[in-house]
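Student: upload-v7.cif is the file, holding mmCIF, C-alpha atoms:
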```cif
data_protein
#
loop_
_atom_site.label_atom_id
_atom_site.label_comp_id
_atom_site.auth_asym_id
_atom_site.auth_seq_id
_atom_site.Cartn_x
_atom_site.Cartn_y
_atom_site.Cartn_z
CA MET A 1 22.70 -20.23 6.29
CA ASN A 2 21.54 -18.88 2.95
CA THR A 3 18.81 -16.97 4.73
CA LEU A 4 21.38 -15.33 6.95
CA VAL A 5 23.35 -14.05 3.95
CA LEU A 6 20.17 -12.73 2.37
CA LEU A 7 19.20 -11.00 5.61
CA HIS A 8 22.58 -9.29 5.74
CA ILE A 9 22.21 -8.12 2.14
CA LEU A 10 18.75 -6.72 2.95
CA LEU A 11 20.14 -5.08 6.07
CA GLY A 12 22.84 -3.38 4.04
CA PHE A 13 20.24 -2.23 1.54
CA MET A 14 18.13 -0.78 4.35
CA ILE A 15 21.09 1.06 5.86
CA ILE A 16 22.00 2.52 2.45
CA GLY A 17 18.38 3.52 1.89
CA SER A 18 18.22 5.27 5.25
CA LEU A 19 21.43 7.16 4.52
CA VAL A 20 20.05 8.23 1.15
CA THR A 21 16.86 9.38 2.88
CA VAL A 22 18.77 11.55 5.31
CA GLU A 23 21.31 12.95 2.89
CA ILE A 24 19.43 13.55 -0.36
CA ARG A 25 18.25 17.07 -1.12
CA ASN A 26 15.15 16.27 -3.15
CA MET A 27 12.26 15.63 -0.80
CA LEU A 28 10.33 13.32 -3.14
CA SER A 29 13.40 11.11 -3.57
CA ALA A 30 13.75 10.96 0.20
CA VAL A 31 10.14 9.77 0.51
CA ILE A 32 10.69 7.13 -2.18
CA SER A 33 13.79 5.79 -0.46
CA VAL A 34 11.83 5.58 2.82
CA GLY A 35 9.39 3.39 0.90
CA ALA A 36 12.24 1.22 -0.40
CA VAL A 37 13.48 0.71 3.17
CA GLY A 38 9.99 -0.31 4.26
CA PHE A 39 9.58 -2.85 1.47
CA ALA A 40 13.00 -4.34 2.26
CA LEU A 41 11.85 -4.66 5.86
CA SER A 42 8.72 -6.53 4.74
CA ILE A 43 10.84 -8.98 2.69
CA MET A 44 12.99 -9.44 5.79
CA PHE A 45 9.92 -10.33 7.86
CA LEU A 46 8.92 -12.81 5.17
CA PHE A 47 12.27 -14.59 5.36
CA LEU A 48 12.17 -14.60 9.16
CA GLY A 49 8.90 -16.55 8.97
CA ALA A 50 6.42 -13.83 9.93
CA PRO A 51 3.98 -13.50 7.01
CA ASP A 52 1.36 -11.68 9.11
CA ILE A 53 3.77 -8.89 9.92
CA ALA A 54 5.02 -8.85 6.32
CA ILE A 55 1.49 -8.30 4.96
CA THR A 56 0.82 -5.56 7.49
CA GLN A 57 4.17 -3.91 6.77
CA VAL A 58 3.58 -3.85 2.99
CA ILE A 59 0.09 -2.43 3.27
CA VAL A 60 0.87 0.21 5.88
CA GLU A 61 3.95 1.15 3.85
CA ILE A 62 1.79 1.73 0.76
CA LEU A 63 -0.62 3.87 2.78
CA SER A 64 2.12 5.98 4.34
CA LEU A 65 3.84 6.35 0.96
CA ILE A 66 0.61 7.66 -0.57
CA LEU A 67 0.19 10.16 2.26
CA LEU A 68 3.84 11.27 2.17
CA ILE A 69 3.98 11.61 -1.62
CA ARG A 70 0.72 13.52 -1.63
CA SER A 71 2.00 15.89 0.99
CA THR A 72 5.42 16.43 -0.63
CA ILE A 73 4.60 16.45 -4.33
CA ASN A 74 3.22 20.00 -4.34
CA VAL A 75 5.85 21.41 -2.01
CA ASP A 76 9.04 23.07 -3.14
CA ASN A 77 11.20 19.99 -3.49
CA MET A 78 14.51 21.62 -2.77
CA ALA A 79 13.41 22.90 0.62
CA ILE A 80 16.18 21.21 2.58
CA GLU A 81 19.37 23.18 2.71
CA LYS A 82 22.46 22.70 4.76
CA ARG A 83 23.21 25.78 6.80
CA GLY A 84 26.83 25.92 7.84
CA GLU A 85 28.75 23.42 9.87
CA HIS A 86 27.44 21.97 13.09
CA VAL A 87 30.63 20.60 14.57
CA LEU A 88 29.39 20.35 18.13
CA SER A 89 26.10 18.65 17.28
CA ASN A 90 27.90 16.22 14.96
CA ARG A 91 30.30 15.26 17.72
CA ALA A 92 27.51 14.86 20.25
CA THR A 93 25.56 12.69 17.83
CA LEU A 94 28.58 10.50 17.17
CA ILE A 95 29.29 10.09 20.90
CA PHE A 96 25.70 9.11 21.65
CA ILE A 97 25.56 6.67 18.73
CA GLY A 98 28.79 5.11 19.99
CA ILE A 99 27.41 4.72 23.51
CA ILE A 100 24.17 3.17 22.21
CA LEU A 101 26.11 0.77 19.94
CA ALA A 102 28.35 -0.30 22.83
CA PHE A 103 25.36 -1.06 25.02
CA ALA A 104 23.61 -2.81 22.14
CA TRP A 105 26.67 -5.04 21.59
CA PHE A 106 26.60 -6.27 25.19
CA SER A 107 22.81 -6.61 25.35
CA PHE A 108 22.51 -8.54 22.08
CA HIS A 109 25.21 -10.95 23.22
CA SER A 110 23.29 -11.69 26.38
CA LEU A 111 20.15 -12.60 24.41
CA ARG A 112 19.21 -16.16 23.66
CA PRO A 113 19.61 -17.34 20.03
CA PHE A 114 16.84 -16.72 17.52
CA GLY A 115 13.97 -19.19 17.84
CA TYR A 116 14.63 -20.09 21.49
CA PRO A 117 12.63 -17.57 23.51
CA SER A 118 13.29 -17.19 27.20
CA MET A 119 9.59 -17.19 28.17
CA ARG A 120 7.81 -20.52 28.36
CA VAL A 121 4.38 -19.01 27.60
CA SER A 122 4.96 -19.05 23.82
CA GLN A 123 5.53 -22.80 23.89
CA PHE A 124 2.19 -23.09 25.72
CA TYR A 125 0.50 -21.15 22.92
CA LEU A 126 2.00 -23.42 20.29
CA ASN A 127 1.01 -26.58 22.12
CA GLN A 128 -2.47 -25.65 23.30
CA GLY A 129 -3.55 -23.02 20.75
CA LEU A 130 -5.31 -25.35 18.35
CA LYS A 131 -7.03 -27.25 21.14
CA GLU A 132 -8.21 -24.26 23.13
CA VAL A 133 -9.05 -21.73 20.41
CA GLY A 134 -9.48 -23.75 17.21
CA ALA A 135 -7.68 -21.24 14.96
CA THR A 136 -4.95 -22.57 12.73
CA ASN A 137 -3.22 -19.18 12.52
CA PHE A 138 -1.55 -18.92 15.90
CA VAL A 139 -0.80 -15.24 15.55
CA THR A 140 -4.49 -14.47 15.26
CA SER A 141 -5.30 -16.82 18.12
CA VAL A 142 -2.81 -14.95 20.30
CA ILE A 143 -3.85 -11.42 19.39
CA LEU A 144 -7.60 -12.03 19.41
CA ASP A 145 -8.06 -14.74 22.04
CA PHE A 146 -5.19 -15.12 24.49
CA ARG A 147 -4.23 -11.46 24.41
CA ALA A 148 -7.44 -9.83 23.23
CA TYR A 149 -7.07 -7.16 25.92
CA ASP A 150 -3.99 -5.87 24.13
CA THR A 151 -5.86 -5.66 20.84
CA LEU A 152 -8.69 -3.76 22.53
CA GLY A 153 -6.10 -1.37 23.93
CA GLU A 154 -4.59 -0.93 20.48
CA ALA A 155 -8.01 -0.15 19.06
CA MET A 156 -8.44 2.46 21.78
CA VAL A 157 -5.03 3.96 20.96
CA LEU A 158 -6.02 4.23 17.30
CA PHE A 159 -9.37 5.73 18.29
CA THR A 160 -7.71 8.36 20.48
CA SER A 161 -5.15 9.33 17.85
CA ILE A 162 -7.82 9.63 15.17
CA SER A 163 -9.94 11.79 17.45
CA GLY A 164 -6.97 14.05 18.02
CA ALA A 165 -6.25 14.26 14.31
CA PHE A 166 -9.88 15.14 13.62
CA ALA A 167 -9.82 17.83 16.27
CA ILE A 168 -6.85 19.45 14.54
CA LEU A 169 -7.89 18.92 10.93
CA ARG A 170 -11.63 19.61 11.21
CA ARG A 171 -13.30 21.64 8.56
CA TRP A 172 -16.36 23.24 10.10
CA LYS A 173 -14.56 25.61 12.48
CA ARG A 174 -12.06 26.35 9.73
CA GLU A 175 -14.77 27.69 7.47
CA GLN A 176 -16.23 29.86 10.22
CA HIS A 177 -12.91 31.61 10.74
CA LYS A 178 -11.88 32.12 7.16
CA ASP A 179 -10.35 35.50 7.81
CA PHE A 180 -7.57 34.07 9.90
CA LEU A 181 -6.66 31.68 7.11
CA ARG A 182 -6.41 34.34 4.43
CA ILE A 183 -2.69 34.70 4.98
CA ASP A 184 -2.15 31.02 4.22
CA ARG A 185 -4.11 31.18 1.01
CA GLU A 186 -2.40 34.20 -0.44
CA HIS A 187 1.03 32.88 0.34
CA MET B 1 -19.64 9.74 -12.39
CA LYS B 2 -20.14 11.29 -15.79
CA GLU B 3 -20.77 14.90 -14.85
CA ASN B 4 -17.37 15.49 -13.30
CA ARG B 5 -15.15 14.28 -16.05
CA LYS B 6 -12.62 16.99 -15.45
CA SER B 7 -12.02 16.33 -11.74
CA GLY B 8 -9.48 13.80 -10.59
CA MET B 9 -6.75 12.19 -12.63
CA THR B 10 -6.60 11.15 -16.28
CA PHE B 11 -8.82 8.67 -18.11
CA ILE B 12 -6.23 5.88 -17.89
CA VAL B 13 -6.05 6.08 -14.13
CA LYS B 14 -9.84 6.07 -13.88
CA MET B 15 -10.20 2.95 -16.05
CA ILE B 16 -7.53 1.07 -14.08
CA THR B 17 -9.27 2.13 -10.88
CA ASN B 18 -12.56 0.75 -12.18
CA ILE B 19 -10.91 -2.61 -12.83
CA MET B 20 -8.82 -2.78 -9.67
CA ILE B 21 -11.35 -1.62 -7.11
CA GLY B 22 -13.32 -4.88 -7.02
CA PHE B 23 -10.21 -7.02 -6.72
CA MET B 24 -8.90 -4.87 -3.88
CA ILE B 25 -12.09 -5.04 -1.85
CA VAL B 26 -12.52 -8.78 -2.47
CA PHE B 27 -8.93 -9.50 -1.46
CA GLY B 28 -9.31 -7.33 1.65
CA GLY B 29 -12.45 -9.25 2.59
CA TYR B 30 -10.65 -12.55 1.99
CA ILE B 31 -7.78 -11.51 4.25
CA VAL B 32 -10.26 -10.58 6.98
CA LEU B 33 -12.54 -13.61 6.76
CA PHE B 34 -9.70 -16.15 6.53
CA GLY B 35 -7.60 -14.35 9.13
CA HIS B 36 -7.82 -17.23 11.58
CA ILE B 37 -6.79 -19.83 8.96
CA THR B 38 -4.14 -18.17 6.80
CA PRO B 39 -1.87 -15.17 7.47
CA GLY B 40 -3.76 -11.92 7.65
CA GLY B 41 -6.36 -10.53 9.97
CA GLY B 42 -8.42 -7.50 10.70
CA PHE B 43 -5.71 -4.86 10.52
CA PRO B 44 -4.21 -5.57 7.04
CA GLY B 45 -7.65 -6.29 5.59
CA GLY B 46 -8.99 -3.05 6.97
CA VAL B 47 -6.08 -1.05 5.62
CA MET B 48 -6.55 -2.70 2.22
CA ILE B 49 -10.23 -1.71 2.09
CA ALA B 50 -9.26 1.80 3.15
CA LEU B 51 -6.69 1.83 0.32
CA ALA B 52 -9.43 0.91 -2.15
CA TYR B 53 -11.44 3.94 -1.06
CA ILE B 54 -8.31 6.11 -1.14
CA LEU B 55 -7.63 4.95 -4.71
CA VAL B 56 -11.11 6.09 -5.74
CA THR B 57 -10.53 9.39 -3.95
CA LEU B 58 -7.26 9.96 -5.77
CA ALA B 59 -8.59 8.94 -9.17
CA TYR B 60 -12.02 10.56 -9.20
CA GLY B 61 -11.59 13.45 -6.80
CA ARG B 62 -12.89 14.02 -3.35
CA ASN B 63 -16.45 15.11 -4.12
CA ILE B 64 -17.51 11.94 -5.90
CA VAL B 65 -16.26 9.55 -3.27
CA GLU B 66 -17.80 11.63 -0.51
CA ARG B 67 -21.19 11.10 -2.13
CA LYS B 68 -20.77 7.33 -1.59
CA VAL B 69 -19.20 7.32 1.89
CA SER B 70 -18.92 10.71 3.54
CA GLY B 71 -16.46 11.54 6.28
CA ILE B 72 -19.22 11.58 8.90
CA THR B 73 -20.38 8.09 7.87
CA ALA B 74 -16.81 6.84 7.98
CA SER B 75 -16.24 8.11 11.49
CA VAL B 76 -19.59 6.69 12.67
CA VAL B 77 -18.71 3.26 11.23
CA ASP B 78 -15.28 3.58 12.85
CA ASP B 79 -16.90 4.12 16.27
CA LEU B 80 -19.31 1.25 15.62
CA GLY B 81 -16.38 -1.08 14.96
CA ALA B 82 -14.74 -0.22 18.28
CA LEU B 83 -18.08 -0.59 20.09
CA THR B 84 -18.66 -3.98 18.42
CA PHE B 85 -15.34 -5.26 19.71
CA TRP B 86 -16.19 -4.05 23.21
CA PHE B 87 -19.70 -5.50 22.98
CA ILE B 88 -18.35 -8.95 22.02
CA GLY B 89 -16.19 -8.75 25.13
CA ILE B 90 -19.22 -7.85 27.26
CA ILE B 91 -21.19 -10.80 25.85
CA GLY B 92 -18.26 -13.04 26.79
CA LEU B 93 -18.38 -11.56 30.29
CA CYS B 94 -22.10 -12.35 30.57
CA VAL B 95 -21.87 -15.86 29.10
CA GLY B 96 -18.55 -17.23 30.27
CA GLY B 97 -17.69 -15.05 33.24
CA GLU B 98 -14.59 -13.46 31.69
CA PHE B 99 -14.21 -10.36 29.58
CA LEU B 100 -13.58 -11.28 25.91
CA TYR B 101 -14.39 -14.93 26.63
CA ASN B 102 -14.60 -17.07 23.48
CA PHE B 103 -18.26 -17.98 23.82
CA LEU B 104 -18.88 -19.51 20.39
CA GLY B 105 -18.02 -23.08 19.46
CA LYS B 106 -14.51 -24.06 18.42
CA GLY B 107 -15.56 -25.82 15.22
CA LYS B 108 -13.30 -27.90 13.02
CA PRO B 109 -9.84 -26.51 12.17
CA PHE B 110 -9.36 -25.11 8.65
CA HIS B 111 -13.07 -24.27 8.34
CA ILE B 112 -14.23 -20.69 8.02
CA PHE B 113 -16.70 -20.98 10.92
CA SER B 114 -14.17 -22.08 13.49
CA ALA B 115 -12.34 -20.46 16.37
CA GLY B 116 -15.43 -18.87 17.89
CA THR B 117 -15.46 -15.11 18.22
CA ILE B 118 -12.19 -14.47 16.37
CA ILE B 119 -13.93 -13.91 13.04
CA LEU B 120 -16.38 -11.42 14.63
CA ASN B 121 -13.50 -9.57 16.28
CA ASN B 122 -11.67 -9.48 12.96
CA ILE B 123 -14.66 -7.91 11.24
CA ALA B 124 -14.99 -5.33 14.03
CA ILE B 125 -11.30 -4.40 13.73
CA THR B 126 -11.69 -4.15 9.96
CA LEU B 127 -14.50 -1.61 10.29
CA LYS B 128 -12.50 0.30 12.88
CA VAL B 129 -9.17 0.44 11.06
CA GLY B 130 -10.44 0.78 7.51
CA MET B 131 -12.94 3.53 8.07
CA SER B 132 -10.73 5.48 10.46
CA LEU B 133 -7.81 5.54 8.00
CA TYR B 134 -10.15 6.54 5.17
CA ALA B 135 -11.59 9.34 7.30
CA ILE B 136 -8.10 10.54 8.15
CA PHE B 137 -7.23 10.61 4.47
CA LEU B 138 -10.33 12.70 3.76
CA ALA B 139 -9.38 15.06 6.58
CA LEU B 140 -5.83 15.37 5.29
CA ALA B 141 -7.13 16.15 1.79
CA ILE B 142 -8.08 19.59 3.14
CA LEU B 143 -4.40 20.43 3.39
CA GLY B 144 -3.99 19.99 -0.34
CA ARG B 145 -6.76 22.45 -1.01
CA VAL B 146 -4.65 25.55 -0.44
CA VAL B 147 -2.34 24.55 -3.28
CA THR B 148 -5.30 23.65 -5.51
CA ASP B 149 -6.91 27.05 -4.89
CA LYS B 150 -3.69 28.74 -5.88
CA ASN B 151 -3.48 26.75 -9.12
CA GLU B 152 -7.09 27.52 -9.99
CA ARG B 153 -6.48 31.19 -9.42
CA LYS B 154 -3.55 31.05 -11.81
CA ASP B 155 -5.78 29.38 -14.41
CA GLU B 156 -8.39 32.11 -14.10
CA GLN B 157 -5.82 34.82 -14.67
#
```
Translate this file's structure into structure tokens.

Tutor:
Amino acid sequence: MNTLVLLHILLGFMIIGSLVTVEIRNMLSAVISVGAVGFALSIMFLFLGAPDIAITQVIVEILSLILLIRSTINVDNMAIEKRGEHVLSNRATLIFIGIILAFAWFSFHSLRPFGYPSMRVSQFYLNQGLKEVGATNFVTSVILDFRAYDTLGEAMVLFTSISGAFAILRRWKREQHKDFLRIDREH
Amino acid sequence: MKENRKSGMTFIVKMITNIMIGFMIVFGGYIVLFGHITPGGGFPGGVMIALAYILVTLAYGRNIVERKVSGITASVVDDLGALTFWFIGIIGLCVGGEFLYNFLGKGKPFHIFSAGTIILNNIAITLKVGMSLYAIFLALAILGRVVTDKNERKDEQ
């Protein structure tokens, strides 16, 4: 029961952090509050009994924070300005959030309680994992033995995204066509 | 690293980097190699090793770290990691009749050489993830160059 209270406190912290991220005017502060939300999420994973995900969340959060801070620290920090009132878009957003919350209320009440999954295959992994794979970390035995296809697919997704990023950010063509980039430099 | 004393961050950051870099790489390797015993695995270990390289890049500047591991090398190692994973799967197909079959012995639980091919797969994913994120960071460092050029021009004036 104590864990539940703590999870609710962390949830409130994350909601406040997200609101601060959206509403604050300084871009660097927004990035820092995104990082705070991510670290609260990793603590949440830790209390839910998922240390693998918690480690991954912390490390990926650090990496994304470095990238975001590096990209925003040289920019004009007060770039976000509110331009007028958007009454219609605010109303539309509120209506859609209400619809999504209503559906979420019904769907979460039809779920089984936490720790009692509806699929029997996870119980099979817990019973037979040590005998069939020999790994004491069941998460690793699932992602690299029972479901290794998925991990291969994830590696391919990462490979494709990195290839796309390289195609956009490459340097050699950029230096051939320096004249087109002159406008950016003198800005 | 002596000739470029001006590039990168301050002396304090460089000294802390010198101390921390070994711990980071050793802990990343520990997370990878014990991924089938304790929490961890190839992905967090790979990101941690990439973060070690990124720390050196931030502290010492891009030119010095590119002399150790260039962007081309990083992307080649990245491809090799993906190919290693695929190749382990093909060996499983040849030996056991199924793709990604666990063809090595199970071993005793809680030993480092247990669980067959999981440790090899973890190392392959580490190479893939770590080097690809490092290469992406090097590629993104180009974007910061425009601002740096502008600052240098101000200094010259």

Student: Applied to the shown file, which residues does the PyMOL selection byres ((chain B and resi 49) around 8) return, written as a list in words?

Tutor: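 So the PyMOL selection byres ((chain B and resi 49) around 8) ends up selecting Met24, Ile25, Gly28, Gly29, Gly45, Gly46, Val47, Met48, Ala50, Leu51, Ala52, Tyr53 and Gly130 of chain B.
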
Student: Name the closest residue to B:Ser70 among the candidates B:Ile123, B:Gly107, B:Ala82, B:Thr57; distances are taken between atoms, counting all atoms listed in the file.

Tutor: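 Going through B:Ile123, B:Gly107, B:Ala82, B:Thr57 one by one, the smallest distance to B:Ser70 is for B:Thr57.
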
Student: Can you list what the PyMOL selection byres ((chain B and resi 31-36) around 6) grabs from this structure, as a PyMOL selection string?

Tutor: (chain A and resi 135+137+140) or (chain B and resi 28-30+37-38+40-42+45)

Student: Would you mind listing, as a ChimeraX atom specification, all residues of chain A that have at least one atom within 9 Å of chain B, where all atoms listed in the file are what counts?

Tutor: /A:50-53,55-60,62-63,67,70-71,74-75,130-141,144-145,148-149,152,155-156,158-159,162,165-166,169-171,184-187

Student: In Å to one decimal, how far is atom CA of A:Ile32 from atom CA of B:Arg62?

Tutor: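 According to the coordinates, atom CA of B:Arg62 and atom CA of A:Ile32 are separated by 24.6 Å.
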
Student: When you draw a straight line from atom CA of B:Gly71 to atom CA of A:Gly153, how long is it in Å?

Tutor: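 Computing the Euclidean distance for atom CA of B:Gly71 and atom CA of A:Gly153 yields 24.2 Å.
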
Student: Give me stretch 17-43 of chain A with N, CA, C and O atoms filled in, as a compact mmCIF listing (two decimals), in the frame of the given file.

Tutor:
```txt
# COMPACT_ATOMS: atom_id res chain seq x y z
N GLY A 17 19.60 2.77 2.15
CA GLY A 17 18.38 3.52 1.89
C GLY A 17 18.14 4.59 2.94
O GLY A 17 17.73 5.71 2.62
N SER A 18 18.40 4.26 4.20
CA SER A 18 18.22 5.27 5.25
C SER A 18 19.20 6.42 5.09
O SER A 18 18.83 7.58 5.27
N LEU A 19 20.45 6.08 4.73
CA LEU A 19 21.43 7.16 4.52
C LEU A 19 21.02 8.06 3.36
O LEU A 19 21.14 9.29 3.45
N VAL A 20 20.54 7.44 2.28
CA VAL A 20 20.05 8.23 1.15
C VAL A 20 18.91 9.13 1.57
O VAL A 20 18.84 10.32 1.21
N THR A 21 17.99 8.59 2.40
CA THR A 21 16.86 9.38 2.88
C THR A 21 17.33 10.61 3.64
O THR A 21 16.80 11.70 3.47
N VAL A 22 18.33 10.42 4.48
CA VAL A 22 18.77 11.55 5.31
C VAL A 22 19.54 12.55 4.47
O VAL A 22 19.38 13.76 4.61
N GLU A 23 20.35 12.06 3.52
CA GLU A 23 21.31 12.95 2.89
C GLU A 23 20.82 13.61 1.61
O GLU A 23 21.36 14.63 1.21
N ILE A 24 19.80 13.02 0.95
CA ILE A 24 19.43 13.55 -0.36
C ILE A 24 18.72 14.89 -0.21
O ILE A 24 18.10 15.16 0.81
N ARG A 25 18.83 15.73 -1.22
CA ARG A 25 18.25 17.07 -1.12
C ARG A 25 16.83 17.12 -1.64
O ARG A 25 16.03 17.93 -1.18
N ASN A 26 16.51 16.26 -2.61
CA ASN A 26 15.15 16.27 -3.15
C ASN A 26 14.22 15.54 -2.19
O ASN A 26 14.49 14.40 -1.80
N MET A 27 13.12 16.19 -1.82
CA MET A 27 12.26 15.63 -0.80
C MET A 27 11.50 14.41 -1.31
O MET A 27 11.31 13.43 -0.59
N LEU A 28 11.08 14.44 -2.58
CA LEU A 28 10.33 13.32 -3.14
C LEU A 28 11.20 12.07 -3.21
O LEU A 28 10.76 10.96 -2.91
N SER A 29 12.48 12.25 -3.55
CA SER A 29 13.40 11.11 -3.57
C SER A 29 13.59 10.54 -2.18
O SER A 29 13.69 9.32 -2.00
N ALA A 30 13.63 11.43 -1.18
CA ALA A 30 13.75 10.96 0.20
C ALA A 30 12.56 10.09 0.59
O ALA A 30 12.72 9.03 1.19
N VAL A 31 11.35 10.54 0.20
CA VAL A 31 10.14 9.77 0.51
C VAL A 31 10.19 8.41 -0.19
O VAL A 31 9.86 7.37 0.40
N ILE A 32 10.64 8.39 -1.44
CA ILE A 32 10.69 7.13 -2.18
C ILE A 32 11.70 6.17 -1.55
O ILE A 32 11.45 4.97 -1.44
N SER A 33 12.83 6.71 -1.07
CA SER A 33 13.79 5.79 -0.46
C SER A 33 13.31 5.31 0.90
O SER A 33 13.64 4.18 1.30
N VAL A 34 12.49 6.09 1.61
CA VAL A 34 11.83 5.58 2.82
C VAL A 34 10.96 4.38 2.46
O VAL A 34 10.96 3.35 3.15
N GLY A 35 10.22 4.51 1.34
CA GLY A 35 9.39 3.39 0.90
C GLY A 35 10.22 2.17 0.57
O GLY A 35 9.83 1.04 0.90
N ALA A 36 11.38 2.36 -0.07
CA ALA A 36 12.24 1.22 -0.40
C ALA A 36 12.71 0.52 0.86
O ALA A 36 12.74 -0.72 0.94
N VAL A 37 13.06 1.31 1.89
CA VAL A 37 13.48 0.71 3.17
C VAL A 37 12.35 -0.12 3.77
O VAL A 37 12.55 -1.23 4.26
N GLY A 38 11.13 0.42 3.70
CA GLY A 38 9.99 -0.31 4.26
C GLY A 38 9.73 -1.61 3.54
O GLY A 38 9.45 -2.64 4.17
N PHE A 39 9.83 -1.60 2.21
CA PHE A 39 9.58 -2.85 1.47
C PHE A 39 10.68 -3.87 1.73
O PHE A 39 10.40 -5.07 1.84
N ALA A 40 11.93 -3.40 1.89
CA ALA A 40 13.00 -4.34 2.26
C ALA A 40 12.73 -4.95 3.62
O ALA A 40 12.96 -6.15 3.83
N LEU A 41 12.19 -4.14 4.54
CA LEU A 41 11.85 -4.66 5.86
C LEU A 41 10.77 -5.73 5.77
O LEU A 41 10.82 -6.75 6.48
N SER A 42 9.79 -5.53 4.86
CA SER A 42 8.72 -6.53 4.74
C SER A 42 9.28 -7.84 4.17
O SER A 42 8.89 -8.93 4.61
N ILE A 43 10.22 -7.76 3.22
CA ILE A 43 10.84 -8.98 2.69
C ILE A 43 11.62 -9.69 3.80
O ILE A 43 11.61 -10.92 3.92
```
